[in-house]
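Chemist: One structure, as structure tokens, below. Some questions next.
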Amino acid sequence: AKHNGRSTFSWYTPGLDAEAQKRQEVENGLAKALKLDQFKLVYQPQYALRDGTLRGYEALVRWEHPTKGEIRPDLFIPIAEDCGLIDEIGTWVLNHACREAMLWEDQSKKVAVNVSVGQFVAGETQKRVAQALNKSGLNPRRLEIEITESLLISNTEAVIETLRQIHDMGVSIAMDDFGTGYSSLSYLSLFPFDKIKIDQAFIQNLGKDTSTDAIVTSIVGLGRSLNVTITAEGVETEEQAILLSAAGCDLVQGYMFGKPGTVAKHEAAYPIFPHN
Ligand code: C2E
Ligand code: CA
Ligand code: CA
Ligand code: CA
């Protein structure tokens with residue numbers, strides 16, 4: 001049972017199934033969260049696998065709900081996309097990530113920000129990025145935008161043009177969750193991505209089946225020949241790290257090396273590398 005039109009909504013609607021009811025609740029909460037500044041960013045470190053140097057962080061948004069506690073983005077980003085709040089939340093994320101990166105002790109570290117489909121549909125993405133850079137004073141070379149290929153499925157031309165403009169500012173562009181969609185490979189010819197992030201699903205199966213190992217090795221090889229940096233995300237075990245190292249993977253990110261948290265905490269723990 002789907003409700004039609006936001007104007008007909010009431011807090012409790014008997015016709016709505018539990019799922020729709022929950023969505024509506026999140027939708028209302030999100031608008032409030034923006035006003036009350038209930039979002040925060042946590043940062044997950046990315047390391048060079050070869051020498052263990054810390055290269056930068058991925059910014060991941062959290063909703064600090066007053067009664068429900070910390071809410072993960074998978075639970076509210078898709079809803080924000082549907083109800084049109086993603087532009088505002090995404091802008092908040094961009095601005096905060098740039099501003100916070102300016103406060104880090106080490107000003108050589110990059111910050112990667114996730115930008116989702118809905119933000120591109122709004123058509124203002126390049127403006128938002130430029131504004132975040134201007135307002136914060138962050139060097140564009142320290143900013144990276146992560147997109148997923150779902151973004152490229154529709155509206156390809158317009159999205160590519162937007163990416164080009166952002167890239168021209170000096171910002172790098174990463175393709176996130178690589179390998180999960182059916183046209184990952186073809187999109188690589190449409191835009192000069194700076195980085196490819198191999199989806200966690202592949203990393204988690206490393207060493208478990210030979211075809212996954214072969215796929216990961218191929219993606220790394222592809223990155224080498226296209227001159228694209230390859231990041232493995234979701235690295236949890238030493239075995240995975242060793243296999244990735246053997247494959248020649250450039251960067252790693254995952255619980256094994258650091259969970260999303262504060263930059264101060266990650267910097268205090270550095271260097272964490274058990275290797276070399
Ligand atoms: P993602 O971009 O693929 O981010 C990686 C997710 O994997 C993060 O979950 C991270 O905490 C988790 N992760 C990292 N290392 C490991 C590991 O070793 N093992 C496992 N099992 N998981 C690991 P998180 O923070 O819950 O984010 C989920 C998704 O929400 C992100 O997936 C991204 O698509 C989206 N998201 C997060 N922050 C933002 C944001 O600021 N804007 C937008 N538009 N989307 C965001
Ligand atoms: Ca990401
Ligand atoms: Ca990812
Ligand atoms: Ca993902």
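FYI, nothing fancy with the structure tokens labels: chains A, B, ... in order, residues from 1 per chain, ligands from 1 as they appear.
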Quick one: which chain A residues come within 10 Å of ligand 3, and what is the nearest atom pair for each with the distance in Å to one decimal, counting only C-alpha atoms and all ligand atoms, rows ordered by chain and ascending number, as a tab-separated table?
Modeler:
residue	atom	partner	partner_atom_place_in_ligand_line	distance
A:Glu58	CA	ligand 3	1 (Ca)	9.9
A:Asn114	CA	ligand 3	1 (Ca)	9.0
A:Glu146	CA	ligand 3	1 (Ca)	8.4
A:Ile147	CA	ligand 3	1 (Ca)	8.9
A:Thr148	CA	ligand 3	1 (Ca)	8.0
A:Ala174	CA	ligand 3	1 (Ca)	10.0
A:Met175	CA	ligand 3	1 (Ca)	8.5
A:Asp176	CA	ligand 3	1 (Ca)	4.8
A:Asp177	CA	ligand 3	1 (Ca)	4.3
A:Phe178	CA	ligand 3	1 (Ca)	7.8
A:Ile196	CA	ligand 3	1 (Ca)	9.7
A:Lys197	CA	ligand 3	1 (Ca)	6.5
A:Ile198	CA	ligand 3	1 (Ca)	7.5
A:Asp199	CA	ligand 3	1 (Ca)	5.7
A:Gln200	CA	ligand 3	1 (Ca)	6.8
A:Ala201	CA	ligand 3	1 (Ca)	9.6
A:Thr231	CA	ligand 3	1 (Ca)	9.8
A:Ala232	CA	ligand 3	1 (Ca)	9.1
A:Glu233	CA	ligand 3	1 (Ca)	6.7
A:Gly234	CA	ligand 3	1 (Ca)	8.2
A:Gln253	CA	ligand 3	1 (Ca)	9.9
Chemist: As a PyMOL selection string, please: the residues near Phe193 (chain A) (cut-off 12 Å, only C-alpha atoms, same-chain neighbours under 6 positions excluded).
Modeler: chain A and resi 144-149+160+163-164+166-167+171-176+178+184-185+187+223+226-230
Chemist: For Ile89 (chain A), which residue among A:Ile215, A:Ala132, A:Leu34, A:Val115 is the nearest when counting only C-alpha atoms?
Modeler: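 When distances to Ile89 (chain A) are compared using only C-alpha atoms, the smallest one comes from A:Leu34.
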Chemist: Could you check the closest approach to Thr53 (chain A) for each of A:Arg141, A:His96, A:Lys127, A:Lys109 and tell me which residue wins, using only C-alpha atoms?
Modeler: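 For Thr53 (chain A), the nearest of the given residues is A:Lys109.
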Chemist: Any idea what's packed within 8 Å of Leu138 (chain A), counting only C-alpha atoms, ignoring anything in its chain fewer than 2 positions away? Could you give it as a list in words?
Modeler: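 Listed by chain and then number, they are Cys98, Arg99, Ala101, Met102, Leu133, Asn134, Ser136, Pro140, Arg142 and Leu143 of chain A.
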Chemist: Restricting the output to all heavy atoms, write the selected residues as an mmCIF file, in the first residue's frame.
Modeler:
data_model
loop_
_atom_site.group_PDB
_atom_site.id
_atom_site.type_symbol
_atom_site.label_atom_id
_atom_site.label_comp_id
_atom_site.auth_asym_id
_atom_site.auth_seq_id
_atom_site.Cartn_x
_atom_site.Cartn_y
_atom_site.Cartn_z
ATOM 1 N N CYS A 98 35.101 19.123 3.876
ATOM 2 C CA CYS A 98 36.151 20.074 3.465
ATOM 3 C C CYS A 98 36.635 20.904 4.652
ATOM 4 O O CYS A 98 37.834 21.101 4.847
ATOM 5 C CB CYS A 98 35.630 20.999 2.362
ATOM 6 S SG CYS A 98 35.352 20.155 0.795
ATOM 7 N N ARG A 99 35.678 21.368 5.435
ATOM 8 C CA ARG A 99 36.029 22.203 6.577
ATOM 9 C C ARG A 99 36.850 21.418 7.602
ATOM 10 O O ARG A 99 37.848 21.897 8.128
ATOM 11 C CB ARG A 99 34.749 22.739 7.233
ATOM 12 C CG ARG A 99 34.984 23.940 8.116
ATOM 13 C CD ARG A 99 33.717 24.354 8.823
ATOM 14 N NE ARG A 99 32.620 24.628 7.896
ATOM 15 C CZ ARG A 99 31.331 24.597 8.241
ATOM 16 N NH1 ARG A 99 30.972 24.281 9.473
ATOM 17 N NH2 ARG A 99 30.396 24.874 7.361
ATOM 18 N N ALA A 101 38.644 18.709 7.092
ATOM 19 C CA ALA A 101 39.963 18.340 6.550
ATOM 20 C C ALA A 101 40.968 19.486 6.709
ATOM 21 O O ALA A 101 42.169 19.262 6.844
ATOM 22 C CB ALA A 101 39.839 17.938 5.079
ATOM 23 N N MET A 102 40.450 20.713 6.696
ATOM 24 C CA MET A 102 41.314 21.886 6.894
ATOM 25 C C MET A 102 41.859 21.952 8.315
ATOM 26 O O MET A 102 42.823 22.664 8.589
ATOM 27 C CB MET A 102 40.555 23.179 6.590
ATOM 28 C CG MET A 102 40.338 23.450 5.113
ATOM 29 S SD MET A 102 41.882 23.690 4.215
ATOM 30 C CE MET A 102 42.318 25.352 4.713
ATOM 31 N N LEU A 133 34.697 24.011 -1.602
ATOM 32 C CA LEU A 133 36.131 24.290 -1.681
ATOM 33 C C LEU A 133 36.422 25.750 -1.337
ATOM 34 O O LEU A 133 37.330 26.053 -0.562
ATOM 35 C CB LEU A 133 36.664 23.953 -3.080
ATOM 36 C CG LEU A 133 36.743 22.469 -3.433
ATOM 37 C CD1 LEU A 133 37.006 22.273 -4.926
ATOM 38 C CD2 LEU A 133 37.821 21.768 -2.608
ATOM 39 N N ASN A 134 35.632 26.635 -1.906
ATOM 40 C CA ASN A 134 35.838 28.067 -1.660
ATOM 41 C C ASN A 134 35.638 28.437 -0.205
ATOM 42 O O ASN A 134 36.448 29.136 0.391
ATOM 43 C CB ASN A 134 34.874 28.896 -2.522
ATOM 44 C CG ASN A 134 35.354 28.970 -3.964
ATOM 45 O OD1 ASN A 134 36.542 28.784 -4.222
ATOM 46 N ND2 ASN A 134 34.438 29.208 -4.877
ATOM 47 N N SER A 136 35.757 26.594 2.436
ATOM 48 C CA SER A 136 36.687 25.990 3.394
ATOM 49 C C SER A 136 38.133 26.393 3.118
ATOM 50 O O SER A 136 38.964 26.378 4.014
ATOM 51 C CB SER A 136 36.578 24.462 3.317
ATOM 52 O OG SER A 136 36.945 24.018 2.022
ATOM 53 N N PRO A 140 41.826 21.722 -3.775
ATOM 54 C CA PRO A 140 41.012 20.753 -4.522
ATOM 55 C C PRO A 140 41.695 19.392 -4.664
ATOM 56 O O PRO A 140 41.018 18.364 -4.752
ATOM 57 C CB PRO A 140 40.841 21.407 -5.893
ATOM 58 C CG PRO A 140 41.104 22.849 -5.687
ATOM 59 C CD PRO A 140 42.026 22.968 -4.513
ATOM 60 N N ARG A 142 43.118 17.781 -2.532
ATOM 61 C CA ARG A 142 42.885 16.954 -1.341
ATOM 62 C C ARG A 142 41.488 16.362 -1.320
ATOM 63 O O ARG A 142 41.177 15.555 -0.447
ATOM 64 C CB ARG A 142 43.127 17.783 -0.063
ATOM 65 C CG ARG A 142 44.591 18.147 0.157
ATOM 66 C CD ARG A 142 44.776 18.850 1.491
ATOM 67 N NE ARG A 142 44.330 18.023 2.604
ATOM 68 C CZ ARG A 142 43.930 18.513 3.781
ATOM 69 N NH1 ARG A 142 43.906 19.825 3.973
ATOM 70 N NH2 ARG A 142 43.546 17.705 4.742
ATOM 71 N N LEU A 143 40.659 16.775 -2.256
ATOM 72 C CA LEU A 143 39.278 16.278 -2.269
ATOM 73 C C LEU A 143 39.094 15.193 -3.321
ATOM 74 O O LEU A 143 39.622 15.276 -4.429
ATOM 75 C CB LEU A 143 38.297 17.429 -2.543
ATOM 76 C CG LEU A 143 36.805 17.066 -2.582
ATOM 77 C CD1 LEU A 143 36.312 16.547 -1.232
ATOM 78 C CD2 LEU A 143 35.967 18.277 -3.012
#
Chemist: Which residue gives the smallest distance to Gln165 (chain A) among A:Tyr182, A:Phe257, A:Trp63, A:Phe191, with only C-alpha atoms counted?
Modeler: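 Distance minimum relative to Gln165 (chain A) lands on A:Phe191.
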Chemist: If you run DSSP on this backbone, which residues of region 75-248 of chain A come out as alpha helix (DSSP H), and could you give them as a PyMOL selection string?
Modeler: chain A and resi 75-83+86-101+117-121+125-136+150-153+156-168+184-187+200-204+210-226+238-247
Chemist: Let me see if you get this right: every residue at most 6 Å from ligand 1, counting only C-alpha atoms and all ligand atoms, written as a list in words.
Modeler: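 Sorted by chain and then by number, the residues are Leu60, Val61, Arg72, Pro73, Asp74, Gly90, Val93, Asn114, Val115, Ser116, Gly234, Val235, Glu236, Gly254, Tyr255 and Pro260 of chain A.
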Chemist: Give me a file of those residues, with all heavy atoms, as an mmCIF file, in the first residue's frame.
Modeler:
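Here's the written file part-v7.cif:
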data_model
loop_
_atom_site.group_PDB
_atom_site.id
_atom_site.type_symbol
_atom_site.label_atom_id
_atom_site.label_comp_id
_atom_site.auth_asym_id
_atom_site.auth_seq_id
_atom_site.Cartn_x
_atom_site.Cartn_y
_atom_site.Cartn_z
ATOM 1 N N LEU A 60 32.316 9.286 6.158
ATOM 2 C CA LEU A 60 31.074 8.514 6.181
ATOM 3 C C LEU A 60 30.098 9.192 7.144
ATOM 4 O O LEU A 60 30.450 9.486 8.287
ATOM 5 C CB LEU A 60 31.362 7.075 6.606
ATOM 6 C CG LEU A 60 32.271 6.295 5.635
ATOM 7 C CD1 LEU A 60 32.962 5.134 6.334
ATOM 8 C CD2 LEU A 60 31.469 5.799 4.427
ATOM 9 N N VAL A 61 28.895 9.435 6.656
ATOM 10 C CA VAL A 61 27.951 10.205 7.456
ATOM 11 C C VAL A 61 27.227 9.333 8.493
ATOM 12 O O VAL A 61 26.985 8.146 8.260
ATOM 13 C CB VAL A 61 26.932 10.936 6.533
ATOM 14 C CG1 VAL A 61 25.972 9.959 5.865
ATOM 15 C CG2 VAL A 61 26.180 12.030 7.280
ATOM 16 N N ARG A 72 23.103 4.358 10.839
ATOM 17 C CA ARG A 72 23.996 4.183 9.697
ATOM 18 C C ARG A 72 23.358 4.709 8.412
ATOM 19 O O ARG A 72 22.149 4.656 8.254
ATOM 20 C CB ARG A 72 24.326 2.685 9.513
ATOM 21 C CG ARG A 72 24.935 2.017 10.727
ATOM 22 C CD ARG A 72 26.423 2.176 10.772
ATOM 23 N NE ARG A 72 27.076 1.551 9.628
ATOM 24 C CZ ARG A 72 27.802 0.441 9.703
ATOM 25 N NH1 ARG A 72 27.922 -0.204 10.853
ATOM 26 N NH2 ARG A 72 28.409 -0.024 8.632
ATOM 27 N N PRO A 73 24.195 5.169 7.486
ATOM 28 C CA PRO A 73 23.669 5.792 6.260
ATOM 29 C C PRO A 73 22.804 4.884 5.381
ATOM 30 O O PRO A 73 21.902 5.376 4.708
ATOM 31 C CB PRO A 73 24.929 6.233 5.516
ATOM 32 C CG PRO A 73 26.051 5.507 6.149
ATOM 33 C CD PRO A 73 25.653 5.228 7.554
ATOM 34 N N ASP A 74 23.081 3.586 5.387
ATOM 35 C CA ASP A 74 22.275 2.686 4.565
ATOM 36 C C ASP A 74 20.792 2.770 4.923
ATOM 37 O O ASP A 74 19.932 2.465 4.109
ATOM 38 C CB ASP A 74 22.745 1.231 4.729
ATOM 39 C CG ASP A 74 24.007 0.968 3.927
ATOM 40 O OD1 ASP A 74 24.250 1.721 2.963
ATOM 41 O OD2 ASP A 74 24.742 0.036 4.275
ATOM 42 N N GLY A 90 23.671 16.005 1.297
ATOM 43 C CA GLY A 90 24.930 15.883 0.556
ATOM 44 C C GLY A 90 25.752 17.159 0.614
ATOM 45 O O GLY A 90 26.984 17.117 0.709
ATOM 46 N N VAL A 93 27.337 17.360 3.954
ATOM 47 C CA VAL A 93 28.482 16.444 4.021
ATOM 48 C C VAL A 93 29.708 17.053 3.330
ATOM 49 O O VAL A 93 30.806 17.074 3.889
ATOM 50 C CB VAL A 93 28.132 15.070 3.394
ATOM 51 C CG1 VAL A 93 29.386 14.214 3.216
ATOM 52 C CG2 VAL A 93 27.096 14.332 4.242
ATOM 53 N N ASN A 114 31.380 10.681 -0.473
ATOM 54 C CA ASN A 114 30.417 9.955 -1.309
ATOM 55 C C ASN A 114 29.367 10.914 -1.847
ATOM 56 O O ASN A 114 28.781 11.692 -1.102
ATOM 57 C CB ASN A 114 29.712 8.870 -0.482
ATOM 58 C CG ASN A 114 30.659 7.763 -0.073
ATOM 59 O OD1 ASN A 114 31.023 6.917 -0.875
ATOM 60 N ND2 ASN A 114 31.079 7.800 1.198
ATOM 61 N N VAL A 115 29.147 10.838 -3.144
ATOM 62 C CA VAL A 115 28.098 11.662 -3.752
ATOM 63 C C VAL A 115 27.136 10.708 -4.456
ATOM 64 O O VAL A 115 27.562 9.883 -5.261
ATOM 65 C CB VAL A 115 28.694 12.678 -4.746
ATOM 66 C CG1 VAL A 115 27.593 13.408 -5.488
ATOM 67 C CG2 VAL A 115 29.577 13.686 -4.014
ATOM 68 N N SER A 116 25.872 10.786 -4.124
ATOM 69 C CA SER A 116 24.945 9.808 -4.693
ATOM 70 C C SER A 116 24.105 10.368 -5.831
ATOM 71 O O SER A 116 24.108 11.568 -6.117
ATOM 72 C CB SER A 116 24.062 9.208 -3.598
ATOM 73 O OG SER A 116 23.493 10.216 -2.831
ATOM 74 N N GLY A 234 36.908 -2.863 2.597
ATOM 75 C CA GLY A 234 36.338 -3.967 3.355
ATOM 76 C C GLY A 234 37.381 -5.038 3.674
ATOM 77 O O GLY A 234 37.045 -6.210 3.830
ATOM 78 N N VAL A 235 38.648 -4.634 3.764
ATOM 79 C CA VAL A 235 39.702 -5.599 4.107
ATOM 80 C C VAL A 235 39.639 -5.885 5.607
ATOM 81 O O VAL A 235 39.750 -4.969 6.415
ATOM 82 C CB VAL A 235 41.110 -5.070 3.729
ATOM 83 C CG1 VAL A 235 42.165 -6.139 3.983
ATOM 84 C CG2 VAL A 235 41.135 -4.600 2.286
ATOM 85 N N GLU A 236 39.402 -7.133 5.929
ATOM 86 C CA GLU A 236 39.207 -7.491 7.337
ATOM 87 C C GLU A 236 40.285 -8.425 7.879
ATOM 88 O O GLU A 236 40.475 -8.508 9.087
ATOM 89 C CB GLU A 236 37.826 -8.143 7.533
ATOM 90 C CG GLU A 236 36.670 -7.180 7.273
ATOM 91 C CD GLU A 236 35.303 -7.810 7.503
ATOM 92 O OE1 GLU A 236 35.235 -9.041 7.691
ATOM 93 O OE2 GLU A 236 34.313 -7.059 7.487
ATOM 94 N N GLY A 254 39.677 -0.775 5.452
ATOM 95 C CA GLY A 254 38.862 -1.829 6.053
ATOM 96 C C GLY A 254 39.097 -1.939 7.544
ATOM 97 O O GLY A 254 40.007 -1.312 8.086
ATOM 98 N N TYR A 255 38.264 -2.740 8.179
ATOM 99 C CA TYR A 255 38.323 -2.874 9.635
ATOM 100 C C TYR A 255 39.696 -3.315 10.117
ATOM 101 O O TYR A 255 40.122 -2.958 11.206
ATOM 102 C CB TYR A 255 37.254 -3.865 10.119
ATOM 103 C CG TYR A 255 35.832 -3.372 9.945
ATOM 104 C CD1 TYR A 255 34.749 -4.253 10.077
ATOM 105 C CD2 TYR A 255 35.557 -2.035 9.664
ATOM 106 C CE1 TYR A 255 33.445 -3.808 9.924
ATOM 107 C CE2 TYR A 255 34.255 -1.588 9.500
ATOM 108 C CZ TYR A 255 33.193 -2.482 9.636
ATOM 109 O OH TYR A 255 31.903 -2.047 9.487
ATOM 110 N N PRO A 260 35.795 3.232 10.863
ATOM 111 C CA PRO A 260 35.430 4.654 10.796
ATOM 112 C C PRO A 260 35.421 5.264 12.196
ATOM 113 O O PRO A 260 34.872 4.671 13.127
ATOM 114 C CB PRO A 260 34.018 4.615 10.199
ATOM 115 C CG PRO A 260 33.957 3.328 9.429
ATOM 116 C CD PRO A 260 34.789 2.367 10.230
#
Chemist: Please compute the CA of Gly179 (chain A)-CA of Phe202 (chain A) distance, one decimal, in Å.
Modeler: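 Going from CA of Gly179 (chain A) over to CA of Phe202 (chain A), I get 8.3 Å.
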